[in-house]
>>> print(open('query-v8.csv').read())   # CSV, C-alpha atoms and all ligand atoms
chain,number,residue,atom,x,y,z
A,1,MET,CA,33.0,98.2,201.7
A,2,ARG,CA,31.7,99.9,204.9
A,3,VAL,CA,33.3,103.2,205.8
A,4,ILE,CA,33.3,104.3,209.4
A,5,ILE,CA,34.3,107.9,209.9
A,6,LEU,CA,35.3,108.8,213.5
A,7,LYS,CA,36.4,112.1,215.0
A,8,ASN,CA,40.1,111.4,215.5
A,9,ALA,CA,42.8,108.7,215.7
A,10,ASP,CA,42.1,107.9,219.3
A,11,GLU,CA,38.5,107.0,218.4
A,12,VAL,CA,39.8,104.9,215.4
A,13,ALA,CA,42.0,103.0,217.8
A,14,LYS,CA,39.2,102.4,220.3
A,15,TRP,CA,36.6,101.4,217.8
A,16,SER,CA,39.0,99.0,216.0
A,17,ALA,CA,40.2,97.4,219.1
A,18,TYR,CA,36.7,96.8,220.5
A,19,GLN,CA,35.5,95.4,217.2
A,20,ILE,CA,38.5,93.0,217.1
A,21,ALA,CA,37.8,92.0,220.7
A,22,LYS,CA,34.1,91.5,220.1
A,23,LYS,CA,34.8,89.2,217.1
A,24,ILE,CA,37.3,87.2,219.0
A,25,LEU,CA,35.0,86.8,222.1
A,26,LYS,CA,32.1,85.8,219.9
A,27,PHE,CA,34.2,83.2,218.1
A,28,ASN,CA,35.3,81.9,221.5
A,29,PRO,CA,38.6,80.4,220.3
A,30,THR,CA,39.9,77.2,221.8
A,31,LYS,CA,43.2,75.3,221.3
A,32,GLU,CA,41.5,73.1,218.7
A,33,LYS,CA,39.8,76.0,217.0
A,34,PRO,CA,42.0,79.1,217.3
A,35,PHE,CA,41.0,82.5,215.9
A,36,VAL,CA,43.3,83.4,213.0
A,37,LEU,CA,44.2,87.1,213.0
A,38,GLY,CA,46.2,89.0,210.3
A,39,LEU,CA,48.3,91.9,211.6
A,40,PRO,CA,50.0,94.9,210.2
A,41,THR,CA,53.0,97.1,211.2
A,42,GLY,CA,53.3,100.9,210.6
A,43,SER,CA,52.4,103.7,213.0
A,44,THR,CA,48.7,103.6,212.4
A,45,PRO,CA,47.9,100.3,214.2
A,46,LEU,CA,50.1,101.2,217.2
A,47,ALA,CA,47.2,102.8,219.2
A,48,THR,CA,45.0,99.8,218.4
A,49,TYR,CA,47.6,97.5,219.8
A,50,LYS,CA,47.7,99.6,222.9
A,51,GLU,CA,44.0,99.3,223.3
A,52,LEU,CA,44.2,95.5,222.8
A,53,ILE,CA,46.9,95.3,225.4
A,54,ASN,CA,44.7,97.2,227.8
A,55,LEU,CA,41.8,94.7,227.2
A,56,TYR,CA,44.3,91.9,227.9
A,57,ASN,CA,45.5,93.6,231.1
A,58,GLU,CA,41.9,94.1,232.2
A,59,LYS,CA,41.4,90.3,231.6
A,60,ILE,CA,38.7,90.9,229.1
A,61,LEU,CA,40.7,89.3,226.3
A,62,SER,CA,43.2,86.5,226.0
A,63,PHE,CA,45.4,85.8,223.1
A,64,GLU,CA,46.2,82.2,224.2
A,65,ASN,CA,44.2,80.7,221.4
A,66,ILE,CA,45.0,83.2,218.7
A,67,VAL,CA,47.2,82.5,215.7
A,68,THR,CA,48.6,85.5,214.0
A,69,PHE,CA,50.0,86.1,210.5
A,70,ASN,CA,51.8,89.3,209.8
A,71,MET,CA,51.4,91.1,206.5
A,72,ASP,CA,55.0,91.7,205.4
A,73,GLU,CA,58.7,91.9,206.2
A,74,TYR,CA,61.7,93.6,204.7
A,75,VAL,CA,64.1,91.4,202.8
A,76,GLY,CA,67.5,91.2,204.4
A,77,LEU,CA,66.6,92.4,207.9
A,78,LYS,CA,67.2,89.8,210.7
A,79,PRO,CA,64.4,89.4,213.2
A,80,GLU,CA,66.5,91.0,215.9
A,81,ASP,CA,67.1,94.1,213.8
A,82,PRO,CA,65.2,97.0,215.4
A,83,GLN,CA,63.9,98.1,212.0
A,84,SER,CA,62.5,94.6,211.2
A,85,TYR,CA,58.8,94.0,211.4
A,86,HIS,CA,59.6,91.0,213.7
A,87,TYR,CA,61.1,93.4,216.2
A,88,PHE,CA,58.3,95.9,215.8
A,89,MET,CA,55.6,93.3,216.5
A,90,ASN,CA,57.4,92.0,219.6
A,91,GLU,CA,58.2,95.4,221.0
A,92,ASN,CA,54.8,96.9,220.4
A,93,PHE,CA,52.4,94.0,220.9
A,94,PHE,CA,53.5,90.4,221.4
A,95,LYS,CA,55.7,90.9,224.5
A,96,TYR,CA,52.7,92.4,226.4
A,97,ILE,CA,50.2,89.7,225.8
A,98,ASP,CA,49.8,85.9,226.4
A,99,ILE,CA,50.2,84.8,222.8
A,100,LYS,CA,52.1,81.6,222.3
A,101,LYS,CA,55.4,81.9,220.4
A,102,GLU,CA,54.5,79.0,218.1
A,103,ASN,CA,51.2,80.8,217.1
A,104,ILE,CA,53.1,83.8,215.7
A,105,ASN,CA,53.8,83.8,212.0
A,106,ILE,CA,55.9,86.4,210.3
A,107,LEU,CA,57.6,86.1,206.9
A,108,ASN,CA,61.4,85.5,207.2
A,109,GLY,CA,63.0,88.2,205.0
A,110,CYS,CA,66.4,86.4,205.4
A,111,ALA,CA,65.2,83.0,204.2
A,112,GLU,CA,67.6,81.3,201.8
A,113,ASP,CA,64.9,80.5,199.4
A,114,LEU,CA,62.5,83.5,199.4
A,115,GLU,CA,60.1,82.0,196.9
A,116,LYS,CA,59.7,78.9,199.0
A,117,GLU,CA,59.3,81.0,202.1
A,118,CYS,CA,56.3,82.8,200.4
A,119,GLU,CA,54.8,79.6,199.2
A,120,ASP,CA,55.1,78.0,202.6
A,121,TYR,CA,53.5,81.0,204.2
A,122,GLU,CA,50.4,80.8,202.0
A,123,ASN,CA,50.2,77.1,202.8
A,124,LYS,CA,50.4,77.8,206.5
A,125,ILE,CA,47.5,80.3,206.2
A,126,LYS,CA,45.5,77.6,204.4
A,127,ALA,CA,46.4,74.9,206.9
A,128,ALA,CA,45.3,77.3,209.7
A,129,GLY,CA,41.8,77.5,208.0
A,130,GLY,CA,42.4,80.9,206.5
A,131,ILE,CA,42.5,84.3,208.1
A,132,GLN,CA,39.4,85.2,210.1
A,133,LEU,CA,40.1,88.9,210.2
A,134,PHE,CA,42.9,90.9,208.6
A,135,LEU,CA,43.8,94.2,210.2
A,136,GLY,CA,45.7,96.6,208.0
A,137,GLY,CA,46.9,100.1,207.4
A,138,VAL,CA,47.3,101.9,204.1
A,139,GLY,CA,50.3,103.7,202.5
A,140,GLU,CA,49.9,107.3,201.2
A,141,ASP,CA,49.9,105.8,197.6
A,142,GLY,CA,47.1,103.4,198.5
A,143,HIS,CA,49.2,100.3,199.0
A,144,ILE,CA,48.1,97.7,201.5
A,145,ALA,CA,50.8,95.5,203.1
A,146,PHE,CA,53.5,96.1,200.5
A,147,ASN,CA,51.3,95.7,197.5
A,148,GLU,CA,52.7,98.7,195.7
A,149,PRO,CA,50.9,100.5,192.8
A,150,GLY,CA,50.8,98.1,189.9
A,151,SER,CA,50.5,95.0,192.0
A,152,SER,CA,48.2,92.3,190.6
A,153,LEU,CA,44.9,92.3,192.4
A,154,SER,CA,45.0,88.5,192.5
A,155,SER,CA,48.5,88.3,193.9
A,156,HIS,CA,49.4,86.1,196.8
A,157,THR,CA,52.5,86.1,199.1
A,158,ARG,CA,55.6,87.0,197.1
A,159,ASP,CA,58.6,89.4,197.0
A,160,LYS,CA,58.0,92.9,195.9
A,161,ASP,CA,60.3,95.9,195.0
A,162,LEU,CA,59.4,98.9,197.0
A,163,THR,CA,58.6,102.1,195.2
A,164,TYR,CA,60.5,105.3,195.7
A,165,ASP,CA,57.4,106.9,197.5
A,166,THR,CA,57.3,104.0,200.0
A,167,ILE,CA,61.0,104.0,200.6
A,168,LEU,CA,60.8,107.8,201.2
A,169,ALA,CA,57.8,107.5,203.5
A,170,ASN,CA,59.4,104.7,205.5
A,171,SER,CA,62.8,106.4,205.8
A,172,ARG,CA,61.5,108.0,208.9
A,173,PHE,CA,62.2,104.7,210.7
A,174,PHE,CA,65.7,104.6,209.3
A,175,ASP,CA,67.2,107.9,210.5
A,176,ASN,CA,65.5,109.7,207.5
A,177,ASP,CA,68.2,108.1,205.3
A,178,ILE,CA,66.6,106.5,202.2
A,179,GLU,CA,69.9,104.6,201.6
A,180,LYS,CA,69.3,102.6,204.8
A,181,VAL,CA,65.7,101.5,203.8
A,182,PRO,CA,65.6,98.0,202.3
A,183,LYS,CA,64.4,98.2,198.7
A,184,TRP,CA,62.7,94.9,198.7
A,185,ALA,CA,60.1,93.1,200.9
A,186,LEU,CA,58.1,89.9,201.2
A,187,THR,CA,54.4,90.6,201.4
A,188,ILE,CA,51.1,88.9,201.4
A,189,GLY,CA,49.2,89.6,198.1
A,190,VAL,CA,46.0,91.5,197.4
A,191,GLY,CA,44.5,88.1,196.8
A,192,THR,CA,45.6,86.9,200.2
A,193,LEU,CA,43.7,89.8,201.7
A,194,MET,CA,40.7,89.1,199.5
A,195,ASP,CA,40.7,85.5,200.7
A,196,SER,CA,40.4,86.6,204.3
A,197,LYS,CA,36.9,86.3,205.8
A,198,GLU,CA,37.0,89.9,207.0
A,199,VAL,CA,39.3,92.9,206.4
A,200,MET,CA,39.6,96.0,208.6
A,201,ILE,CA,41.8,98.9,207.2
A,202,LEU,CA,42.7,101.9,209.4
A,203,ALA,CA,43.7,105.3,208.2
A,204,ASN,CA,44.3,108.6,210.0
A,205,GLY,CA,45.4,112.1,209.0
A,206,TYR,CA,45.2,114.2,205.9
A,207,LYS,CA,48.2,112.4,204.3
A,208,LYS,CA,45.9,109.4,203.8
A,209,ALA,CA,43.0,111.4,202.3
A,210,ARG,CA,44.0,110.7,198.7
A,211,ALA,CA,44.4,107.0,199.3
A,212,VAL,CA,41.0,106.9,201.0
A,213,TYR,CA,39.4,108.8,198.1
A,214,HIS,CA,40.8,106.3,195.6
A,215,GLY,CA,39.9,103.4,197.8
A,216,VAL,CA,36.3,104.4,198.3
A,217,GLU,CA,35.3,106.5,195.3
A,218,GLY,CA,37.8,105.5,192.6
A,219,GLY,CA,37.3,102.6,190.3
A,220,VAL,CA,38.9,99.3,191.3
A,221,ASN,CA,42.3,99.3,189.8
A,222,HIS,CA,45.8,98.0,190.4
A,223,LEU,CA,47.4,101.5,190.8
A,224,TRP,CA,45.5,102.0,194.1
A,225,THR,CA,45.5,98.5,195.5
A,226,ILE,CA,43.3,99.5,198.4
A,227,SER,CA,40.5,99.9,195.9
A,228,ALA,CA,40.4,96.0,195.5
A,229,LEU,CA,38.6,96.0,198.9
A,230,GLN,CA,35.5,97.3,197.2
A,231,LEU,CA,35.1,93.8,195.9
A,232,HIS,CA,35.4,92.2,199.3
A,233,ARG,CA,32.2,91.2,201.0
A,234,ARG,CA,33.2,92.0,204.5
A,235,ALA,CA,35.7,94.9,204.3
A,236,VAL,CA,35.5,97.9,206.6
A,237,LEU,CA,37.6,101.1,206.4
A,238,VAL,CA,37.9,102.9,209.7
A,239,ILE,CA,39.1,106.4,209.3
A,240,ASP,CA,39.3,109.8,211.1
A,241,GLU,CA,37.8,113.0,209.8
A,242,MET,CA,41.1,114.2,208.3
A,243,ALA,CA,41.5,111.0,206.3
A,244,ALA,CA,37.9,111.4,205.2
A,245,SER,CA,38.4,115.0,203.9
A,246,ASP,CA,38.4,114.1,200.2
A,247,ILE,CA,35.3,111.9,200.2
A,301,LIG,C1,54.2,100.2,205.4
A,301,LIG,C2,53.5,98.9,205.7
A,301,LIG,C3,52.0,99.0,205.5
A,301,LIG,C4,51.5,100.2,206.2
A,301,LIG,C5,52.1,101.4,205.6
A,301,LIG,C6,51.6,102.7,206.2
A,301,LIG,O1,54.5,100.4,204.0
A,301,LIG,N1,54.1,97.8,204.9
A,301,LIG,O2,51.4,97.8,205.9
A,301,LIG,O3,50.1,100.2,206.0
A,301,LIG,O4,53.5,101.4,205.8
A,301,LIG,O5,52.2,102.9,207.5
A,301,LIG,P1,51.7,104.0,208.5
A,301,LIG,O6,50.6,103.4,209.3
A,301,LIG,O7,53.0,104.2,209.4
A,301,LIG,O8,51.3,105.2,207.8
>>> encode(input="query-v8.csv", output="structure tokens", more="lines below")
Ligand code: GLP
Amino acid sequence: MRVIILKNADEVAKWSAYQIAKKILKFNPTKEKPFVLGLPTGSTPLATYKELINLYNEKILSFENIVTFNMDEYVGLKPEDPQSYHYFMNENFFKYIDIKKENINILNGCAEDLEKECEDYENKIKAAGGIQLFLGGVGEDGHIAFNEPGSSLSSHTRDKDLTYDTILANSRFFDNDIEKVPKWALTIGVGTLMDSKEVMILANGYKKARAVYHGVEGGVNHLWTISALQLHRRAVLVIDEMAASDI
């Protein structure tokens, strides 16, 4: 795993956005051969999304031939719920770019048959030719997507109970009320991420330092799911100096 340490969160956003743009431009996506991009939610990628929107506004980058797959979604939140990841993606990214609606894929946390929803999602990823690049963040406890500590490192898309730590950390988006945070989510698996051709994980701030330490210097283990990326051939961790303070 490559580790890129940059001065601050602003540089992390710029570096990641330019790398993503470079890869897309090099791939030269067409309608017949779209670029398949995996996307995260959370506060960390927000600045990267802003940079990508700037590149779109400057006409450097188009999303017309890009197919996206999001990492996860809470169970029980409707797409129009302001706390849902559907809503987040639209408000922070999709509504500003020229991506086609039919090219956006996000798990439906309100599907009647959640197992089938997850199975269909994996099949859709396969049918699209696999994920070219998966962008992600990391939780303070080292989780990627919603692959909480203890997740199987070969897992694929499925439902997952959220840990108390994650519920607490994410309660900031739910009026700081842990009762309002869904306790359950649908998420791609660690295996889904490992199947992607490239993975780029972003982390900023001292709160992520422990996860970065376990991801980079710890052994590969299911308690720190980010550590699985040590086994990925093309994974890059892009972090600021504070997140790098324990390595
Ligand atoms: C959630 C998401 C993860 C994200 C994590 C960290 O749990 N499911 O994909 O990486 O939060 O979020 P933040 O970037 O806000 O710290």
>>> residues_near_ligand(input="query-v8.csv", ligand="ligand LIG 301 (chain A)", cutoff="10 Å", atoms="all atoms listed in the file", output="ChimeraX atom specification")
/A:39-46,70-74,85,135-148,162-163,165-167,169-170,172-173,185-188,201-205,207-208
>>> axis_aligned_box(input="query-v8.csv", around="range 146-155 of chain A", padding_each_side="4 Å", output="AutoDock Vina command-line options")
--center_x 49.2 --center_y 94.4 --center_z 195.2 --size_x 16.6 --size_y 20.2 --size_z 18.6
>>> closest_residue(input="query-v8.csv", among="A:Gln19, A:Thr68, A:Thr30, A:Ser196", to="Ile131 in chain A", atoms="all atoms listed in the file")
A:Ser196
>>> closest_atom_pairs(input="query-v8.csv", of="range 148-177 of chain A", to="range 102-118 of chain A", cutoff="10 Å", atoms="only C-alpha atoms", output="tab-separated table")
residue	atom	partner	partner_atom	distance
A:His156	CA	A:Cys118	CA	8.5
A:Thr157	CA	A:Cys118	CA	5.2
A:Arg158	CA	A:Cys118	CA	5.4
A:Asp159	CA	A:Leu114	CA	7.5
>>> atom_distance(input="query-v8.csv", atom1="CA of Lys183 in chain A", atom2="CA of Asp161 in chain A")
6.0 Å
>>> closest_residue(input="query-v8.csv", among="A:Asp98, A:Glu179, A:Glu122, A:Glu32", to="Asn57 in chain A", atoms="all atoms listed in the file")
A:Asp98
>>> closest_residue(input="query-v8.csv", among="A:Ala128, A:Val75, A:Val3, A:Val212", to="Lys33 in chain A", atoms="all atoms listed in the file")
A:Ala128
>>> closest_residue(input="query-v8.csv", among="A:Lys7, A:Lys160, A:Lys180, A:Lys23", to="Asp240 in chain A", atoms="all atoms listed in the file")
A:Lys7
>>> closest_residue(input="query-v8.csv", among="A:Leu229, A:Ala243, A:Val36, A:Val190", to="Ala9 in chain A", atoms="all atoms listed in the file")
A:Ala243
>>> atom_distance(input="query-v8.csv", atom1="CA of Pro29 in chain A", atom2="CA of Ala47 in chain A")
24.0 Å
>>> build_atoms(input="query-v8.csv", residues="range 165-185 of chain A", atoms="N, CA and C atoms", output="tab-separated table (two decimals), in the frame of the given file")
chain	number	residue	atom	x	y	z
A	165	ASP	N	58.34	106.19	196.54
A	165	ASP	CA	57.40	106.90	197.50
A	165	ASP	C	57.40	106.12	198.83
A	166	THR	N	57.33	104.79	198.77
A	166	THR	CA	57.30	104.00	200.00
A	166	THR	C	58.62	104.06	200.74
A	167	ILE	N	59.70	103.97	199.98
A	167	ILE	CA	61.00	104.00	200.60
A	167	ILE	C	61.19	105.39	201.31
A	168	LEU	N	60.73	106.44	200.65
A	168	LEU	CA	60.80	107.80	201.20
A	168	LEU	C	59.94	107.89	202.49
A	169	ALA	N	58.70	107.41	202.39
A	169	ALA	CA	57.80	107.50	203.50
A	169	ALA	C	58.32	106.68	204.72
A	170	ASN	N	58.90	105.52	204.44
A	170	ASN	CA	59.40	104.70	205.50
A	170	ASN	C	60.77	105.02	206.03
A	171	SER	N	61.42	105.97	205.35
A	171	SER	CA	62.80	106.40	205.80
A	171	SER	C	62.75	107.01	207.15
A	172	ARG	N	61.54	107.44	207.61
A	172	ARG	CA	61.50	108.00	208.90
A	172	ARG	C	61.83	107.04	210.04
A	173	PHE	N	61.75	105.75	209.72
A	173	PHE	CA	62.20	104.70	210.70
A	173	PHE	C	63.63	104.36	210.55
A	174	PHE	N	64.30	104.94	209.54
A	174	PHE	CA	65.70	104.60	209.30
A	174	PHE	C	66.55	105.89	209.27
A	175	ASP	N	66.42	106.66	210.33
A	175	ASP	CA	67.20	107.90	210.50
A	175	ASP	C	66.96	108.87	209.32
A	176	ASN	N	65.82	108.82	208.69
A	176	ASN	CA	65.50	109.70	207.50
A	176	ASN	C	66.51	109.49	206.39
A	177	ASP	N	67.15	108.32	206.35
A	177	ASP	CA	68.20	108.10	205.30
A	177	ASP	C	67.62	107.01	204.35
A	178	ILE	N	67.25	107.44	203.14
A	178	ILE	CA	66.60	106.50	202.20
A	178	ILE	C	67.59	105.36	201.82
A	179	GLU	N	68.90	105.62	201.94
A	179	GLU	CA	69.90	104.60	201.60
A	179	GLU	C	69.78	103.39	202.54
A	180	LYS	N	69.32	103.66	203.78
A	180	LYS	CA	69.30	102.60	204.80
A	180	LYS	C	67.99	101.73	204.63
A	181	VAL	N	67.00	102.22	203.89
A	181	VAL	CA	65.70	101.50	203.80
A	181	VAL	C	65.87	100.34	202.80
A	182	PRO	N	65.49	99.11	203.22
A	182	PRO	CA	65.60	98.00	202.30
A	182	PRO	C	64.71	98.33	201.03
A	183	LYS	N	65.14	97.84	199.90
A	183	LYS	CA	64.40	98.20	198.70
A	183	LYS	C	63.47	97.10	198.22
A	184	TRP	N	63.33	96.12	199.08
A	184	TRP	CA	62.70	94.90	198.70
A	184	TRP	C	61.98	94.31	199.92
A	185	ALA	N	60.84	93.67	199.73
A	185	ALA	CA	60.10	93.10	200.90
A	185	ALA	C	59.38	91.83	200.46
